[in-house]
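Each remark here refers to the structure printed beneath this line.
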Amino acid sequence: MILRIEDTDLERSEARFEDLLMDDLKWLGLDWDEGPDRGGPHAPYRQSERLEIYREHAERLLAEGKAYLCFCTEEELDRERERRQAEGGIYSDRCRTIDPEEAKRRRAAGEASAIRLKIPERPIRFHDIVHGEVEFASEVVSDPVILRSSGMPVYNYVVVIDDALMKITHVIRGDDHLSNTPKQVALYEALGWSVPEFAHLSTILGGDRERLSKRHGATSIKNFRDMGVLPEALVNYLALLGWAPSGGTREIFTLKELVKEFSLERVTPSSAVFDMEKLYWLNRQYIKRAAPERINRLALSYYTKMVVEDMARTVNLSAQFADAGFLPAPPITDWLAKLTQLFVPYVSRLDELPERASAVFHYDAKRALESPDNREVLDWPHTKAVFTSFVGKILGDESARCGQLTAAEFKTIVNQVGTETGAKGKALFHPIRMVITGSHSGPDFDRLIPILEAGSRLTWPQHVLSVCERVKEFAQAYNRLVA
RNA sequence: GGCGCUAUCGUCUAGGGGUUAGGACGGAAGAUUCUCAAUCUUCAAACCCGGGUUCGAUUCCCGGUAGCGCUACCA
């Protein structure tokens, strides 16, 4: 595989984009044998460093009469384009008829000129693996500029030169390039080179059926990565957009399986709407299958991000510090790993983890009592008695040592509250969960209580409240409410 | 405007001259659980329109319509 940097548009190219691009590719699990970072037999791999090659071939085409000099000024071209806007048609190729000798003289005299390719006067046909035979009439394709008057070559030209020189066999790209292809085919022919196979893949659209763009939210690879989408899920989803295996029922494929199963011949020619929900669903499947250690490690950054954001709310953190983040020490990471495993069945994106675990980090008894979600629970007949009994047990009981409560001890207390008040099932569990987490729904107490207690014993910027601290806060808030 | 590409459930798609038009996401209902999520079961949901070819067309052909793309000295 070859990585080539197409940077002939100076305005849109920046060195840092290159690193970003390589990061994205590596993250996706795509690797290359040759490229700007590791060299290879076809070096250089940046088009901006291959200018001499492009100039040479352009001059050759010029000398062979397959291309010509164009002296049109920017203003002239603008004017013509405006007229076409209304009347239709293509660029007039007006400089094509200038006598080559005269053109040579004008260039020598210093007049600015671009080089245009002569499109032959016959239909241009080519084969496309997903679209079949495609034909364009010669009259609808204008003579393209291959070398700008600035000396910088144009994409449609360099791509042909490089693909041929680098021995590219299959040109696979978006179908927005389909209309460019006749120009490129004409170029291959003018150069006397054989034409590669083409495969034009359909456009990916947003929910509004417009081409996917920044407006639609996550559209860069980095975005998905930040959301906690696993690369294998993204690759799998993208493959499914426009492709299905024969039979059409299987949907989950690893990169390796995809390499084996995927075939361009089965790619659909019609455009597809990007469905975030389905991506998230696939991501959940992959999270479930992934090694827990990997998920725990990936999850870390989302917690630290949360902690930094929390701190920024109260302390005036420097942007530099917030950016850098920080890695917690092992006792904390071990605890966070347990936390992740507790909540990971609930999420389809890793960045949802802190939000899911918010009951652990952000306990607020007052808000819990005022929450509309808890309204109903508050009105249940047993609720008040359960509150009183439970609060009394935790705060009064010697066994309920602060921060040292075990799951078994907690269970015993819950059972005692049950027999004392006569509440059971929802009537028992919902009010208690409300006291502990602020919400009537959440994970099993058996797993939650040890995590809460262990968390309260850790020292890091984010203090986790222990069970008894929660109960204390709740009791105060509740008493105020009743009073 | 010209040219090109495309058209099966809301979305991604399988299929293909005669099928109960299949699967997945999402939706609805149910089971399970103290609850939410997960999981399982069930259900609803589609061949763009008009002509032709044919015994028969969603499938093949033509036209229309719609969507998208190109129409740059952008990539």
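Residues in the structure tokens are named by chain (A, B, ... in the order shown) and by number from 1 within that chain; ligands are numbered from 1 in the order shown.
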Pick out the chain A residues within 6 Å of chain B. Count only C-alpha atoms (C1' of nucleotides). Give them as a compact mmCIF listing (two decimals) with N, CA and C atoms, in the first residue's frame.
```
# COMPACT_ATOMS: atom_id res chain seq x y z
N GLU A 87 -26.30 30.37 -19.67
CA GLU A 87 -26.59 29.72 -20.94
C GLU A 87 -26.19 28.25 -21.00
N GLY A 88 -25.38 27.83 -20.07
CA GLY A 88 -24.92 26.44 -20.11
C GLY A 88 -23.71 26.29 -21.00
N GLY A 89 -23.28 25.07 -21.23
CA GLY A 89 -22.11 24.82 -22.06
C GLY A 89 -20.86 24.66 -21.25
N ARG A 148 -1.04 25.07 -14.07
CA ARG A 148 -1.48 26.45 -13.88
C ARG A 148 -0.41 27.43 -14.34
N ASP A 176 -18.09 11.51 -6.85
CA ASP A 176 -18.02 12.91 -7.28
C ASP A 176 -16.89 13.09 -8.29
N SER A 179 -17.33 12.41 -13.02
CA SER A 179 -17.32 13.36 -14.13
C SER A 179 -15.91 13.84 -14.47
N GLY A 247 -26.16 -12.98 0.03
CA GLY A 247 -27.04 -13.48 1.08
C GLY A 247 -27.61 -12.32 1.86
N GLY A 248 -26.73 -11.37 2.20
CA GLY A 248 -27.20 -10.12 2.77
C GLY A 248 -27.72 -10.18 4.18
N THR A 249 -27.34 -11.18 4.97
CA THR A 249 -27.83 -11.22 6.33
C THR A 249 -26.74 -10.95 7.36
N SER A 270 -25.77 3.28 -5.56
CA SER A 270 -26.61 4.37 -5.07
C SER A 270 -26.08 4.94 -3.76
N LYS A 278 -27.15 3.30 13.95
CA LYS A 278 -26.67 1.97 13.61
C LYS A 278 -25.17 1.83 13.91
N TYR A 346 -24.14 -0.35 29.72
CA TYR A 346 -25.18 0.65 29.52
C TYR A 346 -24.89 1.59 28.34
N GLY A 425 -39.83 -5.34 46.83
CA GLY A 425 -39.76 -5.06 45.39
C GLY A 425 -39.45 -3.59 45.16
N LYS A 426 -40.15 -3.04 44.18
CA LYS A 426 -39.94 -1.64 43.83
C LYS A 426 -40.09 -0.72 45.02
N PHE A 429 -36.82 -1.02 46.91
CA PHE A 429 -35.57 -0.70 46.22
C PHE A 429 -35.53 0.72 45.65
N SER A 441 -33.34 4.42 39.28
CA SER A 441 -32.85 3.30 38.48
C SER A 441 -31.34 3.36 38.39
N GLY A 442 -30.74 2.22 38.20
CA GLY A 442 -29.29 2.15 38.14
C GLY A 442 -28.83 0.73 38.32
```
Mind the document's chain letters and residue numbers, and return as a ChimeraX atom specification the residues of region 100-192 of chain A that DSSP labels strand (DSSP E).
-> /A:114-117,124-128,132-136,145-147,170-174
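In this structure, C1' of C47 (chain B) sits 8.9 Å away from C1' of U59 (chain B).
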Just asking: which residues within region 202-338 of chain A are helix (DSSP H, G or I) according to DSSP, as number ranges by chain?
-> A: 214-216, 221-227, 231-240, 255-261, 264-266, 276-289, 292-314, 319-324, 330-338
Kindly give the distance, in Å, that separates CA of Leu240 (chain A) and C1' of A28 (chain B), rounded to a single decimal.
->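 Between these atoms lies a distance of 26.2 Å.
Non-sequential neighbours of Leu255 (chain A) (distance at most 12 Å, separation of 4 or more positions within a chain, only C-alpha atoms (C1' of nucleotides)) are Leu28, Gly29, Leu30, Pro231, Glu232, Ala233, Leu234, Val235, Asn236, Tyr237, Leu238, Ala239, Val259, Lys260, Glu261 and Phe262 of chain A.
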In Å, with one decimal, what is the gap from CA of Ala199 (chain A) to CA of Val141 (chain A)?
-> 20.2 Å
Exercise: Lys167 (chain A) partners within 12 Å, only C-alpha atoms (C1' of nucleotides), chain neighbours under 5 positions left out, as a list in words = Met1, Ile2, Pro41, His42, Val159, Val160, Ile161, Asp162, Trp193, Ser194, Val195, Pro196 and Glu197 of chain A
